[in-house]
Amino acid sequence: MKKQKFNVTGMTCSACSARVESTTAKLKGVKSASVNLLANSMLVVYDETLLTAEDICHAVINVGYGASVAEKTASRQTAQADGHLKAMKKRLLTSFLLLLPLMYVAMGHMLLLPVPAFLHDPALLAITELLLTAPILAVNFGYFSRGFKNLFHGAPNMDSMVAVGSTAAFAYSVYAAISAVVGGGEISHHLYFESAAMILTLVTLGKYMEARSKGETGRAIEKLMDLEPKTACVLRDGEEKIIPVAEVVVGDTVLIRPGQSIPVDGVVLEGSSTVDESMLTGESIPVEKTVGDHLGAATVNLTGSLTFRAERVGQDTTLAGIIRLVEEASASKAPIFRLADKIAGLFVPVVMSIAVITVIVWLLAGATFEFALTSGIAVLVISCPCALGLATPVSVMVGTGRGAEYGILLKSAEVLETMCHADTVVLDKTGTLTQGHPAVTDILPQNGNVMDFLRIAAALEQNSEHPLAVAVLDAAKDLTIPSVTDFSAVPGKGVMGVLDGKTYLGGNAQFLQENGIGVEERHDLTTQGKTLLYFGEQNGAYLGVIAAADKEKPTAAQAVKTLQQKGLKVIMLTGDNADTARAVGERLGVDQVIAQVLPQDKEQNVRQLQEKGHKVIMVGDGINDAPALTAADVGMAIGAGTDIAMESADAVLMRSDPMDIVGGIELSHAVMKKIRLNLFWAFFYNFLCIPIAAGVLYPIFGLQLNPMLGAAAMSISSVCVVSNSLRLRTWKPTAAKETCHDHCHDHCEFETHKEEKIMQYTLNITGMMCPHCQAHVEKALLAVSGVEKVEVDLQGGKATVQGGEIAELLAAVREVGYGAEEA
């Protein structure tokens with residue numbers, strides 16, 4: 001069996017993708033076919049002995065769409081998407097520039113606006129409107145070619161509705177103009193050229209907005225490819241040679257120095273170092289590497305030099321596998337079947353049938369041909385799909401715009417519809433639920449003062465480049481740090497140096513024990529997922545331990561709880577070790593923790609959930625999350641993450657706040673509710689007005705619907721749809737409703753806000769490392785005159801105080817040895 005990706009052009013809605021998919025799946029030799037409407041692609045698994053790629057392309061072309069074997073690189077696809085977007089923009093601008101004078105000519109006299117004298121002549125008015133409308137129809141001819149082709153193939157779609165509606169309005173206008181000129185009657189009230197032009201222009205606007213998000217499909221893969229180093233230093237015939245990565249073969253001995261990216265997968269032969277593997281595993285703390293350990297392509301060597309043997313090269317590397325997974329996941333994502341397309345599939349043929357039946361029935365009843373034809377055309381005009389066409393895009397445009405104000409960026413309408421039905425949320429840990437970098441959590445001196453111990457630790461670590469050293473220095477940023485002499489670092493173990501004539505050591509427990517220092521190992525901290533740095537004097541005195549961990553984001557626990565309250569299952573999926581993941585999961589209250597997974601495992605876990613019938617939202621921030629983000633029904637990227645994660649995802653949370661996950665889901669429900677309501681009223685309008693247009697009231701009341709009134713009714717239905725959608729402009733996420741910001745107006749919906757603003761302060765506190773520090777700060781603040789309530793957030797480094805004066809509060813905190821400033 002061969003797996004092949006195809007580019008498919010001409011698809012405009014889920015009816016199109018379903019048509020392409022079903023046609024391909026029926027071919028002999030095809031095991032499976034999956035169309036991705038957003039990416040305009042199709043992934044086919046087929047038997048090469050029974051079928052060729054050309055056969056598949058021909059089958060798709062025969063049902064009215066374009067098809068070709070996909071390019072192996074994303075750059076060509078991106079260039080094609082950019083070209084398509086530019087062409088659509090040009091068509092949209094042309095349509096608007098011609099529509100404005102057309103609307104003035106057609107409706108200026110109704111608004112008592114001055115119009116040129118020659119337009120008072122019926123024939124010249126008709127010719128002018130025709131000349132302005134014809135170019136709009138011409139530049140948007142694709143709707144007619146695709147729409148009628150699909151209609152004739154028995155698979156009508158939104159293009160078919162647009163084509164039929166525009167053609168009906170245009171044909172009736174031509175008919176009315178000819179009959180009036182020939183008969184010498186009034187013409188101005190029977191021209192609907194502007195209706196045909198308006199339909200095409202508005203639909204093109206919606207299509208353009210949709211195409212803008214489609215244009216980003218290939219760029220994520222391009223950036224993944226850019227991560228791979230272009231050259232490698234190999235040892236051949238006893239000499240170092242710089243060669244292109246493509247020329248590295250399995251078994252080559254590769255040399256890598258500090259700061260360089262590892263070119264291929266391999267196993268360490270000599271040396272020891274720390275390697276940043278965050279782009280593959282999501283783990284923020286670098287991993288110690290020594291002889292026998294595995295190295296992955298595109299990871300970064302940080303400290304020591306390494307010599308390793310190439311094990312996997314070219315398309316077999318871990319990075320190449322991630323690229324392949326992103327491409328396949330993008331191509332195989334199931335299409336979204338929009339409610340509007342479901343209605344369209346029945347609506348168009350039914351309306352056309354009603355129009356034909358109307359003409360025949362009135363002719364058989366003895367009516368004149370003009371009467372029968374007018375009734376038939378009235379049916380088509382009043383059932384113009386403008387309201388149905390606007391029901392989705394207007395709600396999406398308003399909803400996504402409102403979401404953007406809160407930092408929630410959604411790339412397409414499909415995202416909203418799928419998110420609305422999700423029942424499972426899979427969350428990456430590092431950078432999504434946590435800050436993404438280690439920070440000191442506990443300072444536990446064996447004897448003596450916390451600050452003195454921290455000062456010694458920071459002095460030792462200030463010459464180290466290890467991330468844990470950075471965490472220690474950040475914790476001691478308010479202290480005066482002395483310099484050490486005779487500094488040295490032992491890769492994978494720790495550091496040592498001389499301070500005030502004494503030699504101090506810092507590192508893992510094994511390092512201190514090797515130097516004769518008895519260490520009190522703190523397994524209670526390691527089981528919480530914390531990394532420990534032990535310190536001691538070379539004479540054997542043990543000084544204490546500092547614990548560091550990747551802290552949870554302040555709103556992470558609230559986000560998990562809110563998602564569960566909304567009925568969603570919350571799973572944490574991470575490449576981090578099991579102890580750390582379990583500890584974080586317990587603190588946040590997630591339903592399930594899956595740890596120590598590689599990128600392909602993340603993607604596989606998401607697919608396993610989907611196979612069980614779950615609709616999955618995946619949230620991540622790293623390159624390692626890209627395959628899972630594209631495989632999930634909805635991929636959400638944290639805005640502070642990598643560009644690749646953001647471009648692989650369907651939604652981006654710009655503020656990196658876990659509560660925005662909740663906001664995105666709430667937005668999807670609000671928008672889809674409006675869309676369903678819009679579609680209901682648009683359909684109900686047609687259900688009510690079509691019989692009237694057909695003339696059912698004429699035998700009883702002698703009323704025949706003038707097509708002009710039909711067009712007016714159509715316009716009113718469109719206005720109602722737009723007005724209902726605009727109500728989304730008042731939408732707010734739960735987090736925004738529960739938080740009263742400083743920019744609230746005087747008449748804030750929270751009545752107590754003005755009083756709290758006068759007497760409530762938020763302080764940024766630095767130097768707090770443990771609950772003992774937290775208690776010190778709280779006690780100092782409560783001692784200030786006028787203070788009624790104090791809440792100290794240890795992890796967030798903040799204190800909320802009600803009452804007192806800001807100067808006295810800051811002074812009180814500083815007096816007990818901590819840094820303080822007003823937030």
# chains A, B, ... in the order shown; residues from 1 in each chain; ligands from 1
>>> residues_around(residues="range 689-691 of chain A", least_positions_apart="4", cutoff="7 Å", atoms="only C-alpha atoms", output="PDB file with all heavy atoms, in the first residue's frame")
ATOM      1  N   VAL A 379     -40.077  33.342  -7.389  1.00  0.00           N
ATOM      2  CA  VAL A 379     -39.650  32.265  -6.490  1.00  0.00           C
ATOM      3  C   VAL A 379     -38.124  32.236  -6.377  1.00  0.00           C
ATOM      4  O   VAL A 379     -37.553  32.142  -5.293  1.00  0.00           O
ATOM      5  CB  VAL A 379     -40.177  30.903  -6.980  1.00  0.00           C
ATOM      6  CG1 VAL A 379     -39.512  29.764  -6.192  1.00  0.00           C
ATOM      7  CG2 VAL A 379     -41.677  30.839  -6.831  1.00  0.00           C
ATOM      8  N   ILE A 382     -36.826  35.590  -4.562  1.00  0.00           N
ATOM      9  CA  ILE A 382     -37.087  35.673  -3.123  1.00  0.00           C
ATOM     10  C   ILE A 382     -36.310  34.598  -2.362  1.00  0.00           C
ATOM     11  O   ILE A 382     -36.029  34.752  -1.174  1.00  0.00           O
ATOM     12  CB  ILE A 382     -38.604  35.558  -2.838  1.00  0.00           C
ATOM     13  CG1 ILE A 382     -38.925  36.225  -1.489  1.00  0.00           C
ATOM     14  CG2 ILE A 382     -39.066  34.113  -2.847  1.00  0.00           C
ATOM     15  CD1 ILE A 382     -40.410  36.417  -1.248  1.00  0.00           C
ATOM     16  N   SER A 383     -35.956  33.518  -3.055  1.00  0.00           N
ATOM     17  CA  SER A 383     -35.187  32.465  -2.407  1.00  0.00           C
ATOM     18  C   SER A 383     -33.691  32.635  -2.639  1.00  0.00           C
ATOM     19  O   SER A 383     -32.918  31.714  -2.459  1.00  0.00           O
ATOM     20  CB  SER A 383     -35.618  31.091  -2.932  1.00  0.00           C
ATOM     21  OG  SER A 383     -35.356  31.006  -4.331  1.00  0.00           O
ATOM     22  N   TYR A 685     -37.591  32.012   6.652  1.00  0.00           N
ATOM     23  CA  TYR A 685     -37.985  33.074   5.716  1.00  0.00           C
ATOM     24  C   TYR A 685     -38.303  32.483   4.348  1.00  0.00           C
ATOM     25  O   TYR A 685     -39.320  32.806   3.718  1.00  0.00           O
ATOM     26  CB  TYR A 685     -36.858  34.106   5.626  1.00  0.00           C
ATOM     27  CG  TYR A 685     -36.729  34.786   4.296  1.00  0.00           C
ATOM     28  CD1 TYR A 685     -37.554  35.848   3.946  1.00  0.00           C
ATOM     29  CD2 TYR A 685     -35.779  34.362   3.364  1.00  0.00           C
ATOM     30  CE1 TYR A 685     -37.437  36.456   2.714  1.00  0.00           C
ATOM     31  CE2 TYR A 685     -35.655  34.968   2.137  1.00  0.00           C
ATOM     32  CZ  TYR A 685     -36.493  36.016   1.811  1.00  0.00           C
ATOM     33  OH  TYR A 685     -36.377  36.637   0.591  1.00  0.00           O
ATOM     34  N   GLY A 695     -47.508  32.265  -5.650  1.00  0.00           N
ATOM     35  CA  GLY A 695     -48.862  32.722  -5.956  1.00  0.00           C
ATOM     36  C   GLY A 695     -49.963  32.000  -5.239  1.00  0.00           C
ATOM     37  O   GLY A 695     -51.126  32.028  -5.693  1.00  0.00           O
ATOM     38  N   VAL A 696     -49.681  31.361  -4.100  1.00  0.00           N
ATOM     39  CA  VAL A 696     -50.737  30.620  -3.404  1.00  0.00           C
ATOM     40  C   VAL A 696     -51.825  31.555  -2.860  1.00  0.00           C
ATOM     41  O   VAL A 696     -52.961  31.120  -2.615  1.00  0.00           O
ATOM     42  CB  VAL A 696     -50.149  29.781  -2.249  1.00  0.00           C
ATOM     43  CG1 VAL A 696     -49.238  28.707  -2.780  1.00  0.00           C
ATOM     44  CG2 VAL A 696     -49.420  30.672  -1.251  1.00  0.00           C
TER      45      VAL A 696
END
>>> closest_atom_pairs(of="range 423-463 of chain A", to="range 591-606 of chain A", cutoff="12 Å", atoms="only C-alpha atoms", output="tab-separated table")
residue	atom	partner	partner_atom	distance
A:Thr424	CA	A:Val606	CA	9.9
A:Val425	CA	A:Val606	CA	10.0
A:Val426	CA	A:Val606	CA	7.9
A:Leu427	CA	A:Val593	CA	9.6
A:Asp428	CA	A:Lys602	CA	9.4
A:Lys429	CA	A:Ala595	CA	9.5
A:Thr430	CA	A:Ala595	CA	11.6
>>> write_last_selection(atoms="all heavy atoms", output="PDB file, in the first residue's frame")
ATOM      1  N   THR A 424     -12.969  16.518  24.969  1.00  0.00           N
ATOM      2  CA  THR A 424     -11.704  16.208  25.634  1.00  0.00           C
ATOM      3  C   THR A 424     -10.684  17.295  25.327  1.00  0.00           C
ATOM      4  O   THR A 424     -10.554  17.710  24.174  1.00  0.00           O
ATOM      5  CB  THR A 424     -11.151  14.846  25.149  1.00  0.00           C
ATOM      6  OG1 THR A 424     -12.128  13.825  25.390  1.00  0.00           O
ATOM      7  CG2 THR A 424      -9.868  14.495  25.891  1.00  0.00           C
ATOM      8  N   VAL A 425      -9.970  17.742  26.355  1.00  0.00           N
ATOM      9  CA  VAL A 425      -8.900  18.724  26.174  1.00  0.00           C
ATOM     10  C   VAL A 425      -7.589  18.089  26.613  1.00  0.00           C
ATOM     11  O   VAL A 425      -7.461  17.643  27.751  1.00  0.00           O
ATOM     12  CB  VAL A 425      -9.153  20.010  26.986  1.00  0.00           C
ATOM     13  CG1 VAL A 425      -7.996  20.986  26.793  1.00  0.00           C
ATOM     14  CG2 VAL A 425     -10.457  20.658  26.567  1.00  0.00           C
ATOM     15  N   VAL A 426      -6.625  18.028  25.689  1.00  0.00           N
ATOM     16  CA  VAL A 426      -5.296  17.480  25.982  1.00  0.00           C
ATOM     17  C   VAL A 426      -4.327  18.650  26.114  1.00  0.00           C
ATOM     18  O   VAL A 426      -4.182  19.454  25.189  1.00  0.00           O
ATOM     19  CB  VAL A 426      -4.831  16.521  24.869  1.00  0.00           C
ATOM     20  CG1 VAL A 426      -3.436  15.992  25.175  1.00  0.00           C
ATOM     21  CG2 VAL A 426      -5.813  15.364  24.720  1.00  0.00           C
ATOM     22  N   LEU A 427      -3.658  18.740  27.254  1.00  0.00           N
ATOM     23  CA  LEU A 427      -2.795  19.882  27.546  1.00  0.00           C
ATOM     24  C   LEU A 427      -1.335  19.457  27.663  1.00  0.00           C
ATOM     25  O   LEU A 427      -1.015  18.509  28.392  1.00  0.00           O
ATOM     26  CB  LEU A 427      -3.223  20.543  28.861  1.00  0.00           C
ATOM     27  CG  LEU A 427      -4.661  21.056  28.945  1.00  0.00           C
ATOM     28  CD1 LEU A 427      -5.008  21.395  30.386  1.00  0.00           C
ATOM     29  CD2 LEU A 427      -4.858  22.264  28.068  1.00  0.00           C
ATOM     30  N   ASP A 428      -0.469  20.142  26.932  1.00  0.00           N
ATOM     31  CA  ASP A 428       0.968  19.984  27.156  1.00  0.00           C
ATOM     32  C   ASP A 428       1.310  20.636  28.503  1.00  0.00           C
ATOM     33  O   ASP A 428       0.590  21.526  28.961  1.00  0.00           O
ATOM     34  CB  ASP A 428       1.736  20.666  26.020  1.00  0.00           C
ATOM     35  CG  ASP A 428       3.232  20.687  26.263  1.00  0.00           C
ATOM     36  OD1 ASP A 428       3.774  19.623  26.582  1.00  0.00           O
ATOM     37  OD2 ASP A 428       3.838  21.770  26.142  1.00  0.00           O
ATOM     38  N   LYS A 429       2.391  20.194  29.128  1.00  0.00           N
ATOM     39  CA  LYS A 429       2.758  20.767  30.432  1.00  0.00           C
ATOM     40  C   LYS A 429       3.659  21.985  30.293  1.00  0.00           C
ATOM     41  O   LYS A 429       3.290  23.093  30.659  1.00  0.00           O
ATOM     42  CB  LYS A 429       3.454  19.711  31.314  1.00  0.00           C
ATOM     43  CG  LYS A 429       3.886  20.252  32.690  1.00  0.00           C
ATOM     44  CD  LYS A 429       4.665  19.237  33.485  1.00  0.00           C
ATOM     45  CE  LYS A 429       6.077  19.096  33.007  1.00  0.00           C
ATOM     46  NZ  LYS A 429       6.948  20.273  33.265  1.00  0.00           N
ATOM     47  N   THR A 430       4.862  21.763  29.751  1.00  0.00           N
ATOM     48  CA  THR A 430       5.883  22.801  29.732  1.00  0.00           C
ATOM     49  C   THR A 430       5.493  23.956  28.819  1.00  0.00           C
ATOM     50  O   THR A 430       5.309  23.766  27.619  1.00  0.00           O
ATOM     51  CB  THR A 430       7.234  22.219  29.282  1.00  0.00           C
ATOM     52  OG1 THR A 430       7.550  21.094  30.099  1.00  0.00           O
ATOM     53  CG2 THR A 430       8.337  23.254  29.382  1.00  0.00           C
TER      54      THR A 430
END
>>> closest_residue(among="A:Ala422, A:Val415, A:Leu409, A:Leu130", to="Ile638 in chain A", atoms="only C-alpha atoms")
A:Leu409
>>> residues_around(residues="range 516-532 of chain A", least_positions_apart="2", cutoff="10 Å", atoms="only C-alpha atoms", output="PyMOL selection string")
chain A and resi 285+438-442+446+468+505+507-514+534-551+576-584+586-587
>>> residues_around(residues="Lys3 in chain A", least_positions_apart="2", cutoff="9 Å", atoms="only C-alpha atoms", output="list in words")
Met1, Lys5, Leu43, Val44, Val45 and Tyr46 of chain A
>>> write_last_selection(atoms="N, CA, C and O atoms", output="JSON list (two decimals), in the first residue's frame")
[["chain", "number", "residue", "atom", "x", "y", "z"],
["A", 1, "MET", "N", 0.83, -1.20, 0.00],
["A", 1, "MET", "CA", 0.00, 0.00, 0.00],
["A", 1, "MET", "C", 0.87, 1.26, 0.00],
["A", 1, "MET", "O", 1.88, 1.31, 0.71],
["A", 5, "LYS", "N", -0.08, 12.05, -0.98],
["A", 5, "LYS", "CA", -0.79, 13.30, -0.75],
["A", 5, "LYS", "C", -1.06, 14.00, -2.07],
["A", 5, "LYS", "O", -0.19, 14.06, -2.94],
["A", 43, "LEU", "N", -5.27, 12.95, 1.42],
["A", 43, "LEU", "CA", -4.34, 11.87, 1.69],
["A", 43, "LEU", "C", -5.00, 10.57, 1.31],
["A", 43, "LEU", "O", -6.07, 10.23, 1.83],
["A", 44, "VAL", "N", -4.37, 9.83, 0.40],
["A", 44, "VAL", "CA", -4.95, 8.59, -0.12],
["A", 44, "VAL", "C", -4.01, 7.42, 0.13],
["A", 44, "VAL", "O", -2.81, 7.52, -0.13],
["A", 45, "VAL", "N", -4.55, 6.34, 0.66],
["A", 45, "VAL", "CA", -3.81, 5.08, 0.80],
["A", 45, "VAL", "C", -4.37, 4.12, -0.23],
["A", 45, "VAL", "O", -5.57, 3.80, -0.22],
["A", 46, "TYR", "N", -3.53, 3.67, -1.17],
["A", 46, "TYR", "CA", -4.03, 2.85, -2.27],
["A", 46, "TYR", "C", -3.01, 1.80, -2.69],
["A", 46, "TYR", "O", -1.82, 1.88, -2.37]]
>>> residues_around(residues="range 790-793 of chain A", least_positions_apart="5", cutoff="8 Å", atoms="only C-alpha atoms", output="mmCIF file with all heavy atoms, in the first residue's frame")
data_model
loop_
_atom_site.group_PDB
_atom_site.id
_atom_site.type_symbol
_atom_site.label_atom_id
_atom_site.label_comp_id
_atom_site.auth_asym_id
_atom_site.auth_seq_id
_atom_site.Cartn_x
_atom_site.Cartn_y
_atom_site.Cartn_z
ATOM 1 N N GLN A 774 6.799 33.284 52.785
ATOM 2 C CA GLN A 774 5.441 33.781 52.595
ATOM 3 C C GLN A 774 4.847 34.269 53.921
ATOM 4 O O GLN A 774 4.221 35.337 53.989
ATOM 5 C CB GLN A 774 4.568 32.667 52.006
ATOM 6 C CG GLN A 774 3.124 33.061 51.749
ATOM 7 C CD GLN A 774 2.323 31.894 51.201
ATOM 8 O OE1 GLN A 774 2.795 30.772 51.147
ATOM 9 N NE2 GLN A 774 1.092 32.165 50.791
ATOM 10 N N VAL A 777 6.367 37.679 55.031
ATOM 11 C CA VAL A 777 5.809 38.824 54.310
ATOM 12 C C VAL A 777 4.402 39.137 54.806
ATOM 13 O O VAL A 777 4.041 40.303 55.042
ATOM 14 C CB VAL A 777 5.806 38.556 52.793
ATOM 15 C CG1 VAL A 777 5.062 39.653 52.044
ATOM 16 C CG2 VAL A 777 7.233 38.430 52.274
ATOM 17 N N GLU A 778 3.589 38.105 54.980
ATOM 18 C CA GLU A 778 2.207 38.300 55.416
ATOM 19 C C GLU A 778 2.156 38.949 56.796
ATOM 20 O O GLU A 778 1.365 39.870 57.047
ATOM 21 C CB GLU A 778 1.488 36.950 55.434
ATOM 22 C CG GLU A 778 0.003 37.071 55.749
ATOM 23 C CD GLU A 778 -0.714 35.739 55.599
ATOM 24 O OE1 GLU A 778 -0.176 34.848 54.905
ATOM 25 O OE2 GLU A 778 -1.806 35.604 56.173
ATOM 26 N N LEU A 781 3.121 42.712 56.609
ATOM 27 C CA LEU A 781 2.081 43.561 56.033
ATOM 28 C C LEU A 781 0.905 43.745 56.981
ATOM 29 O O LEU A 781 0.318 44.833 57.069
ATOM 30 C CB LEU A 781 1.602 42.945 54.706
ATOM 31 C CG LEU A 781 2.593 43.020 53.534
ATOM 32 C CD1 LEU A 781 2.097 42.195 52.346
ATOM 33 C CD2 LEU A 781 2.801 44.475 53.104
ATOM 34 N N LEU A 782 0.535 42.688 57.680
ATOM 35 C CA LEU A 782 -0.577 42.795 58.628
ATOM 36 C C LEU A 782 -0.260 43.743 59.777
ATOM 37 O O LEU A 782 -1.170 44.301 60.413
ATOM 38 C CB LEU A 782 -0.924 41.407 59.181
ATOM 39 C CG LEU A 782 -1.689 40.486 58.231
ATOM 40 C CD1 LEU A 782 -1.773 39.072 58.793
ATOM 41 C CD2 LEU A 782 -3.094 41.042 57.955
ATOM 42 N N LYS A 798 3.326 37.738 44.388
ATOM 43 C CA LYS A 798 2.494 38.931 44.570
ATOM 44 C C LYS A 798 1.824 38.911 45.942
ATOM 45 O O LYS A 798 1.643 37.854 46.548
ATOM 46 C CB LYS A 798 1.422 39.005 43.468
ATOM 47 C CG LYS A 798 1.977 39.253 42.077
ATOM 48 C CD LYS A 798 0.849 39.401 41.053
ATOM 49 C CE LYS A 798 1.384 39.633 39.662
ATOM 50 N NZ LYS A 798 2.138 40.881 39.548
ATOM 51 N N ALA A 799 1.433 40.105 46.386
ATOM 52 C CA ALA A 799 0.662 40.237 47.618
ATOM 53 C C ALA A 799 -0.469 41.222 47.370
ATOM 54 O O ALA A 799 -0.257 42.294 46.794
ATOM 55 C CB ALA A 799 1.545 40.725 48.761
ATOM 56 N N THR A 800 -1.681 40.853 47.755
ATOM 57 C CA THR A 800 -2.845 41.727 47.632
ATOM 58 C C THR A 800 -3.211 42.220 49.035
ATOM 59 O O THR A 800 -3.441 41.413 49.938
ATOM 60 C CB THR A 800 -4.034 40.978 47.007
ATOM 61 O OG1 THR A 800 -3.635 40.456 45.742
ATOM 62 C CG2 THR A 800 -5.216 41.922 46.819
ATOM 63 N N VAL A 801 -3.252 43.544 49.192
ATOM 64 C CA VAL A 801 -3.455 44.145 50.516
ATOM 65 C C VAL A 801 -4.639 45.095 50.482
ATOM 66 O O VAL A 801 -4.739 45.939 49.581
ATOM 67 C CB VAL A 801 -2.199 44.918 50.980
ATOM 68 C CG1 VAL A 801 -2.368 45.403 52.417
ATOM 69 C CG2 VAL A 801 -0.956 44.064 50.838
ATOM 70 N N GLN A 802 -5.545 44.967 51.427
ATOM 71 C CA GLN A 802 -6.659 45.892 51.576
ATOM 72 C C GLN A 802 -6.376 46.781 52.792
ATOM 73 O O GLN A 802 -6.230 46.296 53.910
ATOM 74 C CB GLN A 802 -7.973 45.133 51.763
ATOM 75 C CG GLN A 802 -8.441 44.436 50.494
ATOM 76 C CD GLN A 802 -9.824 43.830 50.664
ATOM 77 O OE1 GLN A 802 -10.519 44.114 51.637
ATOM 78 N NE2 GLN A 802 -10.213 43.004 49.729
#
